[in-house]
Structure formats: structure tokens, C-alpha cells
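What follows is a short report on a single structure.
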Amino acid sequence: MKSAITVVITGCNRARRGIVQSLKNNRDGRDVRVIGINNSPYNILRTDVDEFVVAPSITDPEYIPWLRDLCKDKKVDVLIPFIQGELPIASKYAESLLEVGTHVSITDPKSLNLLNDKIALAERYPEYFPAQKVVNSSDGVREFAEKVGYYDGDHPMCCKIAGKCGGLGFAILDEQKWMDVTFFNRAGSNRFISIGQLCEIMDHDGTEVILQEYIRGTEYCTVVLADHGEVAGICGFMGYAMEFGCYTSGAMLKNQMAYNMTERVVRETGLDGNACFDFILKEDGTPIMLECNPRISAGIAFPDRAGADFVYQRCLQLIGDPFLREYDIDYDLKMVRNDDFYYYK
């Protein structure tokens, strides 16, 4: 009987439930104890985990000492940071936590700095990405719009706040749909704004925004387990619908072009651990890379069910146990997500 593993997941909310289930229902039948932490008592996951603990904010000076004490007291083997903004912090506290026996699932700082910087990654691989630019003024917005042909009405753009994760701050520029009130406050849907609105925002506070040519197509993700620049496992899936940064329906799909692009980036950046690459698949199947999230994907439970249990295998990798490098992926699998309620006193 293999010894039990204790895992901490940070930023653990209801969207991480599938990740917890994949760890606990692992192919080895191994006992995996999962502790979920979140700085919000209202958003923390209370089901499936063995224990949940309300944590300080990652911006709190006491967060790292608190986390170290928690890992020491609970004898944590692996810590999985989920929050995008925590990744640079995690690369710094990884050594401190290792001193108390906890392995942090994070790639090395050099790899992280490139992969976590959407602009730097696009500059490194311009042939993979849509045209994009960071702007902080209305002049910059108009210059980019002119460059990509936005004003001719057939070359849409999108924007996102620089340095933020998930869909935070994302909007599509559309000179008709921004006036459609039926899109207002529609949960899980894209927000539409006009170029005039964006220019007004830029002139108001100078927020740095990533402008990007908007590519029409189907959203697609590749998820990987990397071993210091070598792909130990890879698979992909299409996402048909999304709510609050999580896919609610999708289908497994192998796109070899996207796999090749992913493997090249992994190899040349020395990526280690779990990561998710986001693409748009054009009508002819050509993948356009949008970004890399050098952490576990919120949708990892879907490929896990298809045979790609990359989070569990990453835990084995970190603690020095043998882990898989070949996977039998069920590419016929499809998914629809349903939520339920949890009641407590």
C-alpha cells in the first residue's frame, strides 16, 4: 500500500471541485487528502475536500508565513497554486516551503516570467499569435485599430487589462452590439464595448490594456504535463460555452498543429509541471495561440476523465514517485457541466 499524499490547493472555490475529485479518484486508488484554502469564507469550496481553511489574502505580508505554518502543521506533500496572480509569489516561497517538506507545483522563475507574460510570449512566437499591442491612451487605441483595419467593419478587435487572469477585463469591440441592452449583465457572456468607450477609458486613467485582433472560431485548449522542458503528457479539448472563466460544455479533440506548437513552447521555455494553452481554431482547423497559463487549468477535470490525469501525475512527479508518460485518451468524450447547491450552518 502506497503512503497517503496531502495536497493543498490555493484559490479553492467551486470551480476547483473537479480538480479535487480527480485527485481523490485517482487511477491508483491512492489516499489523497486535499485541503482547500481561499481568502473568502463565502467562495471557499466546502464539498469534496477533506478540510477547508480560510486564508489571508496573497497580498497580506503574513500570507507566506501563514502558508508555511499550515504546510508544516498539516504535513503537506504538495501545494498547487491556482490563482494566476499568485504564481510569481509561489516561485518565491517554493524554497521556503520545501524546507518544511512541501513541494510547490511551479515552474522555474525564468520560464514562469516568460509564460506568464502574455505580451512577452507573443513577441517570442509572433507566428503563433494574432496581432496585438499594449496601449495606455486613446491615440494608441486608434493607431492599432487603423493598423488591423477595424474601421472597415470586418476586422474586429478585443481588449483585456494587462496583467490580469482569466476573463477579467475582457471585452470585444463591436460598434453595433455594444448598444444591444440584452447583453447587459448577461452571466458568463462576453462584454461588448465601442471604440469610443475604450478611448474614453484610456484617457480617463491610462490603464494599460492589451489590444488584440479578434479571431473568429472555436475556443480550444491544450493541457500538458511537462518535465523540465519535455512534454510528458498532452491532450486537447474544444470549449463550446463558458461561464465565469470555466467551460460548461466541450468535446475532446486532437489537433496536431496545436500539439506541435505547444510542444515547441514547452521545450524552448523549459516549462515544468502543469500548464494550459488557449487557442482559437479557425474554420479550417488552423490554431491561433492566445496565451499560456503555467498552472493547472480550471477545466482539467474534463481531460482527466478522458484519461489525462495530469494533476495527480504531477503530484507523483514532485514527490519522486514514478509517473506516467503515455496516456490512452478517450477523444470521443464530451462534457456538459451542471452545478448543484451545498447547504450548511
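Every chain in the C-alpha cells has a letter given in the order shown (A, B, ...), and although residue numbers restart at 1 in each chain, ligands are simply numbered from 1 in the order shown.
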With range 200-211 of chain A as the partner and 8 Å as the cut-off, tabulate the residues of range 84-137 of chain A that qualify, each row holding the nearest pair of atoms and their distance in Å to one decimal, using only C-alpha atoms, sorted by chain and rising number, as a Markdown table.
| residue | atom | partner | partner_atom | distance |
| --- | --- | --- | --- | --- |
| A:Gln132 | CA | A:Leu211 | CA | 5.4 |
| A:Lys133 | CA | A:Leu211 | CA | 5.3 |
| A:Val134 | CA | A:Ile210 | CA | 4.5 |
| A:Val135 | CA | A:Val209 | CA | 5.5 |
| A:Asn136 | CA | A:Glu208 | CA | 4.7 |
| A:Ser137 | CA | A:Met202 | CA | 4.8 |
Test item: residues at most 8 Å from range 110-121 of chain A, only C-alpha atoms, excluding those fewer than 2 positions along its chain, as an MDAnalysis selection string
chainID A and resid 87:88 107:108 123:125 133:134 163 269:271 291:294
I need the chosen residues saved as a CSV table (one decimal), in the first residue's frame, with all heavy atoms.
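Ended up saving to result10.csv:
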chain,number,residue,atom,x,y,z
A,87,LEU,N,1.2,33.1,-8.9
A,87,LEU,CA,2.3,32.3,-9.4
A,87,LEU,C,3.7,33.0,-9.2
A,87,LEU,O,4.6,32.3,-8.8
A,87,LEU,CB,2.1,32.1,-10.9
A,87,LEU,CG,0.8,31.3,-11.3
A,87,LEU,CD1,0.7,31.0,-12.8
A,87,LEU,CD2,0.7,30.0,-10.5
A,88,PRO,N,3.8,34.3,-9.4
A,88,PRO,CA,5.1,34.9,-9.1
A,88,PRO,C,5.5,34.8,-7.6
A,88,PRO,O,6.7,34.6,-7.3
A,88,PRO,CB,5.0,36.3,-9.5
A,88,PRO,CG,3.9,36.3,-10.5
A,88,PRO,CD,2.9,35.3,-10.0
A,107,THR,N,6.8,26.1,-12.2
A,107,THR,CA,7.9,26.1,-13.0
A,107,THR,C,9.0,27.0,-12.5
A,107,THR,O,8.7,27.9,-11.6
A,107,THR,CB,7.6,26.4,-14.5
A,107,THR,OG1,8.7,26.0,-15.3
A,107,THR,CG2,7.2,27.8,-14.7
A,108,ASP,N,10.2,27.0,-13.0
A,108,ASP,CA,11.3,27.8,-12.5
A,108,ASP,C,11.0,29.3,-12.9
A,108,ASP,O,10.3,29.6,-13.9
A,108,ASP,CB,12.6,27.4,-13.1
A,108,ASP,CG,12.8,27.6,-14.5
A,108,ASP,OD1,13.1,28.8,-14.9
A,108,ASP,OD2,12.6,26.7,-15.3
A,123,GLU,N,5.6,38.1,-28.4
A,123,GLU,CA,6.7,38.6,-29.1
A,123,GLU,C,7.7,37.5,-29.4
A,123,GLU,O,8.4,37.6,-30.4
A,123,GLU,CB,7.4,39.7,-28.2
A,123,GLU,CG,6.5,41.0,-28.1
A,123,GLU,CD,7.1,42.1,-27.2
A,123,GLU,OE1,8.1,41.7,-26.5
A,123,GLU,OE2,6.6,43.2,-27.2
A,124,ARG,N,7.8,36.5,-28.5
A,124,ARG,CA,8.7,35.4,-28.7
A,124,ARG,C,8.3,34.5,-29.9
A,124,ARG,O,9.1,34.0,-30.6
A,124,ARG,CB,8.8,34.6,-27.4
A,124,ARG,CG,9.7,33.3,-27.5
A,124,ARG,CD,11.2,33.6,-27.4
A,124,ARG,NE,11.9,32.3,-27.4
A,124,ARG,CZ,12.3,31.7,-26.3
A,124,ARG,NH1,12.0,32.2,-25.1
A,124,ARG,NH2,12.9,30.6,-26.3
A,125,TYR,N,6.9,34.4,-30.0
A,125,TYR,CA,6.4,33.5,-31.0
A,125,TYR,C,5.3,34.3,-31.8
A,125,TYR,O,4.1,33.9,-31.9
A,125,TYR,CB,5.7,32.3,-30.4
A,125,TYR,CG,6.7,31.4,-29.6
A,125,TYR,CD1,6.8,31.6,-28.2
A,125,TYR,CD2,7.6,30.5,-30.2
A,125,TYR,CE1,7.7,30.8,-27.4
A,125,TYR,CE2,8.5,29.8,-29.5
A,125,TYR,CZ,8.5,29.9,-28.1
A,125,TYR,OH,9.4,29.2,-27.4
A,133,LYS,N,-1.1,44.6,-29.2
A,133,LYS,CA,-0.3,45.8,-28.7
A,133,LYS,C,-0.8,46.2,-27.4
A,133,LYS,O,-2.0,46.2,-27.1
A,133,LYS,CB,-0.3,46.9,-29.7
A,133,LYS,CG,0.6,48.1,-29.4
A,133,LYS,CD,0.5,49.2,-30.4
A,133,LYS,CE,1.4,50.4,-30.1
A,133,LYS,NZ,1.3,51.4,-31.1
A,134,VAL,N,0.1,46.6,-26.5
A,134,VAL,CA,-0.3,47.2,-25.2
A,134,VAL,C,-0.4,48.7,-25.4
A,134,VAL,O,0.5,49.4,-25.9
A,134,VAL,CB,0.8,46.9,-24.1
A,134,VAL,CG1,0.4,47.6,-22.8
A,134,VAL,CG2,0.9,45.4,-23.9
A,163,GLY,N,-2.0,42.1,-17.4
A,163,GLY,CA,-1.6,41.5,-16.1
A,163,GLY,C,-2.7,40.8,-15.3
A,163,GLY,O,-2.4,40.4,-14.2
A,269,THR,N,11.0,26.9,-23.6
A,269,THR,CA,11.0,27.7,-22.4
A,269,THR,C,11.4,26.9,-21.1
A,269,THR,O,11.5,27.5,-20.1
A,269,THR,CB,9.5,28.2,-22.2
A,269,THR,OG1,8.6,27.1,-22.0
A,269,THR,CG2,9.1,29.1,-23.3
A,270,GLY,N,11.5,25.6,-21.3
A,270,GLY,CA,11.9,24.7,-20.1
A,270,GLY,C,10.8,24.6,-19.1
A,270,GLY,O,11.0,24.3,-17.9
A,271,LEU,N,9.5,24.7,-19.6
A,271,LEU,CA,8.4,24.6,-18.7
A,271,LEU,C,8.4,23.3,-17.9
A,271,LEU,O,8.8,22.2,-18.4
A,271,LEU,CB,7.1,24.6,-19.5
A,271,LEU,CG,5.8,24.4,-18.8
A,271,LEU,CD1,5.5,25.5,-17.8
A,271,LEU,CD2,4.6,24.2,-19.7
A,291,GLU,N,-2.8,32.5,-25.4
A,291,GLU,CA,-2.0,32.7,-24.2
A,291,GLU,C,-1.6,31.3,-23.6
A,291,GLU,O,-2.1,30.3,-24.0
A,291,GLU,CB,-2.8,33.5,-23.1
A,291,GLU,CG,-4.0,32.8,-22.6
A,291,GLU,CD,-4.8,33.6,-21.6
A,291,GLU,OE1,-4.3,34.7,-21.3
A,291,GLU,OE2,-5.8,33.1,-21.1
A,292,CYS,N,-0.7,31.4,-22.6
A,292,CYS,CA,-0.4,30.2,-21.8
A,292,CYS,C,-0.6,30.5,-20.3
A,292,CYS,O,-0.3,31.6,-19.9
A,292,CYS,CB,1.0,29.8,-22.0
A,292,CYS,SG,1.6,28.5,-20.8
A,293,ASN,N,-1.3,29.6,-19.6
A,293,ASN,CA,-1.4,29.7,-18.2
A,293,ASN,C,-0.5,28.6,-17.6
A,293,ASN,O,-0.9,27.4,-17.6
A,293,ASN,CB,-2.9,29.5,-17.8
A,293,ASN,CG,-3.8,30.6,-18.2
A,293,ASN,OD1,-3.5,31.8,-18.0
A,293,ASN,ND2,-4.8,30.3,-18.9
A,294,PRO,N,0.6,29.0,-17.0
A,294,PRO,CA,1.5,28.0,-16.5
A,294,PRO,C,1.1,27.5,-15.1
A,294,PRO,O,1.8,27.6,-14.1
A,294,PRO,CB,2.9,28.8,-16.4
A,294,PRO,CG,2.5,30.2,-16.2
A,294,PRO,CD,1.2,30.4,-16.9
Fewer than 4 positions away in the same chain doesn't count, so skip those; otherwise give me all residues within 12 Å of Ala306 in chain A, counting only C-alpha atoms, as number ranges by chain.
A: 22, 234-237, 251-253, 300-302, 310, 327-335
For range 192-195 of chain A, please output as a ChimeraX atom specification all residues within 10 Å (counting only C-alpha atoms; exclusion window: fewer than 4 positions along the same chain).
/A:138,141-142,145,150-151,157-159,170-180,183-184,199-201
Okay, now the selection with N, CA and C atoms, as a compact mmCIF listing (two decimals), in the first residue's frame?
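Output below, filename again20.txt:
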# COMPACT_ATOMS: atom_id res chain seq x y z
N SER A 138 -5.86 56.88 -25.79
CA SER A 138 -6.79 56.77 -26.92
C SER A 138 -6.05 56.81 -28.24
N VAL A 141 -5.01 53.35 -29.02
CA VAL A 141 -6.15 52.55 -29.45
C VAL A 141 -6.44 52.79 -30.93
N ARG A 142 -6.50 54.06 -31.30
CA ARG A 142 -6.85 54.40 -32.69
C ARG A 142 -5.77 53.96 -33.67
N ALA A 145 -6.19 50.24 -34.12
CA ALA A 145 -7.42 49.99 -34.88
C ALA A 145 -7.20 50.24 -36.37
N TYR A 150 -9.77 47.85 -38.35
CA TYR A 150 -11.01 47.81 -37.58
C TYR A 150 -12.08 48.71 -38.19
N TYR A 151 -11.67 49.86 -38.69
CA TYR A 151 -12.64 50.85 -39.17
C TYR A 151 -13.34 50.43 -40.45
N MET A 157 -11.79 43.70 -33.01
CA MET A 157 -10.72 43.70 -32.01
C MET A 157 -11.29 43.28 -30.67
N CYS A 158 -10.40 42.91 -29.78
CA CYS A 158 -10.78 42.66 -28.41
C CYS A 158 -9.74 43.29 -27.50
N CYS A 159 -10.08 43.44 -26.24
CA CYS A 159 -9.16 44.06 -25.30
C CYS A 159 -9.23 43.36 -23.96
N PHE A 170 -11.94 41.48 -19.97
CA PHE A 170 -12.01 41.17 -21.40
C PHE A 170 -13.28 41.76 -22.01
N ALA A 171 -13.14 42.32 -23.20
CA ALA A 171 -14.30 42.82 -23.94
C ALA A 171 -14.01 42.78 -25.43
N ILE A 172 -15.07 42.66 -26.22
CA ILE A 172 -14.97 42.68 -27.68
C ILE A 172 -15.46 44.03 -28.17
N LEU A 173 -14.69 44.65 -29.04
CA LEU A 173 -15.09 45.92 -29.61
C LEU A 173 -16.03 45.66 -30.79
N ASP A 174 -17.24 46.18 -30.68
CA ASP A 174 -18.23 45.99 -31.73
C ASP A 174 -19.13 47.22 -31.76
N GLU A 175 -19.19 47.90 -32.89
CA GLU A 175 -19.90 49.17 -32.99
C GLU A 175 -21.41 49.03 -33.05
N GLN A 176 -21.91 47.79 -33.12
CA GLN A 176 -23.35 47.57 -33.07
C GLN A 176 -23.78 46.90 -31.76
N LYS A 177 -23.08 45.83 -31.38
CA LYS A 177 -23.52 45.04 -30.24
C LYS A 177 -23.38 45.76 -28.91
N TRP A 178 -22.50 46.77 -28.83
CA TRP A 178 -22.34 47.47 -27.55
C TRP A 178 -23.61 48.21 -27.17
N MET A 179 -24.48 48.48 -28.15
CA MET A 179 -25.73 49.18 -27.87
C MET A 179 -26.89 48.23 -27.60
N ASP A 180 -26.65 46.92 -27.71
CA ASP A 180 -27.71 45.94 -27.51
C ASP A 180 -27.87 45.66 -26.01
N PHE A 183 -27.38 42.29 -23.91
CA PHE A 183 -26.08 41.77 -23.48
C PHE A 183 -25.69 42.28 -22.10
N PHE A 184 -26.38 43.28 -21.58
CA PHE A 184 -26.00 43.87 -20.29
C PHE A 184 -26.19 42.84 -19.18
N CYS A 199 -11.65 54.40 -25.79
CA CYS A 199 -10.81 55.60 -25.83
C CYS A 199 -11.08 56.50 -24.63
N GLU A 200 -12.34 56.60 -24.24
CA GLU A 200 -12.68 57.42 -23.06
C GLU A 200 -12.06 56.84 -21.80
N ILE A 201 -12.09 55.51 -21.69
CA ILE A 201 -11.48 54.84 -20.53
C ILE A 201 -9.98 55.10 -20.50
Mind checking DSSP for range 119-307 of chain A and telling me the alpha helix (DSSP H) residues as a VMD selection string?
chain A and resid 119 to 124 138 to 148 195 to 205 256 to 269 301 to 305
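Interatomic distance, CA of Leu67 in chain A to CA of Phe277 in chain A: 28.5 Å.
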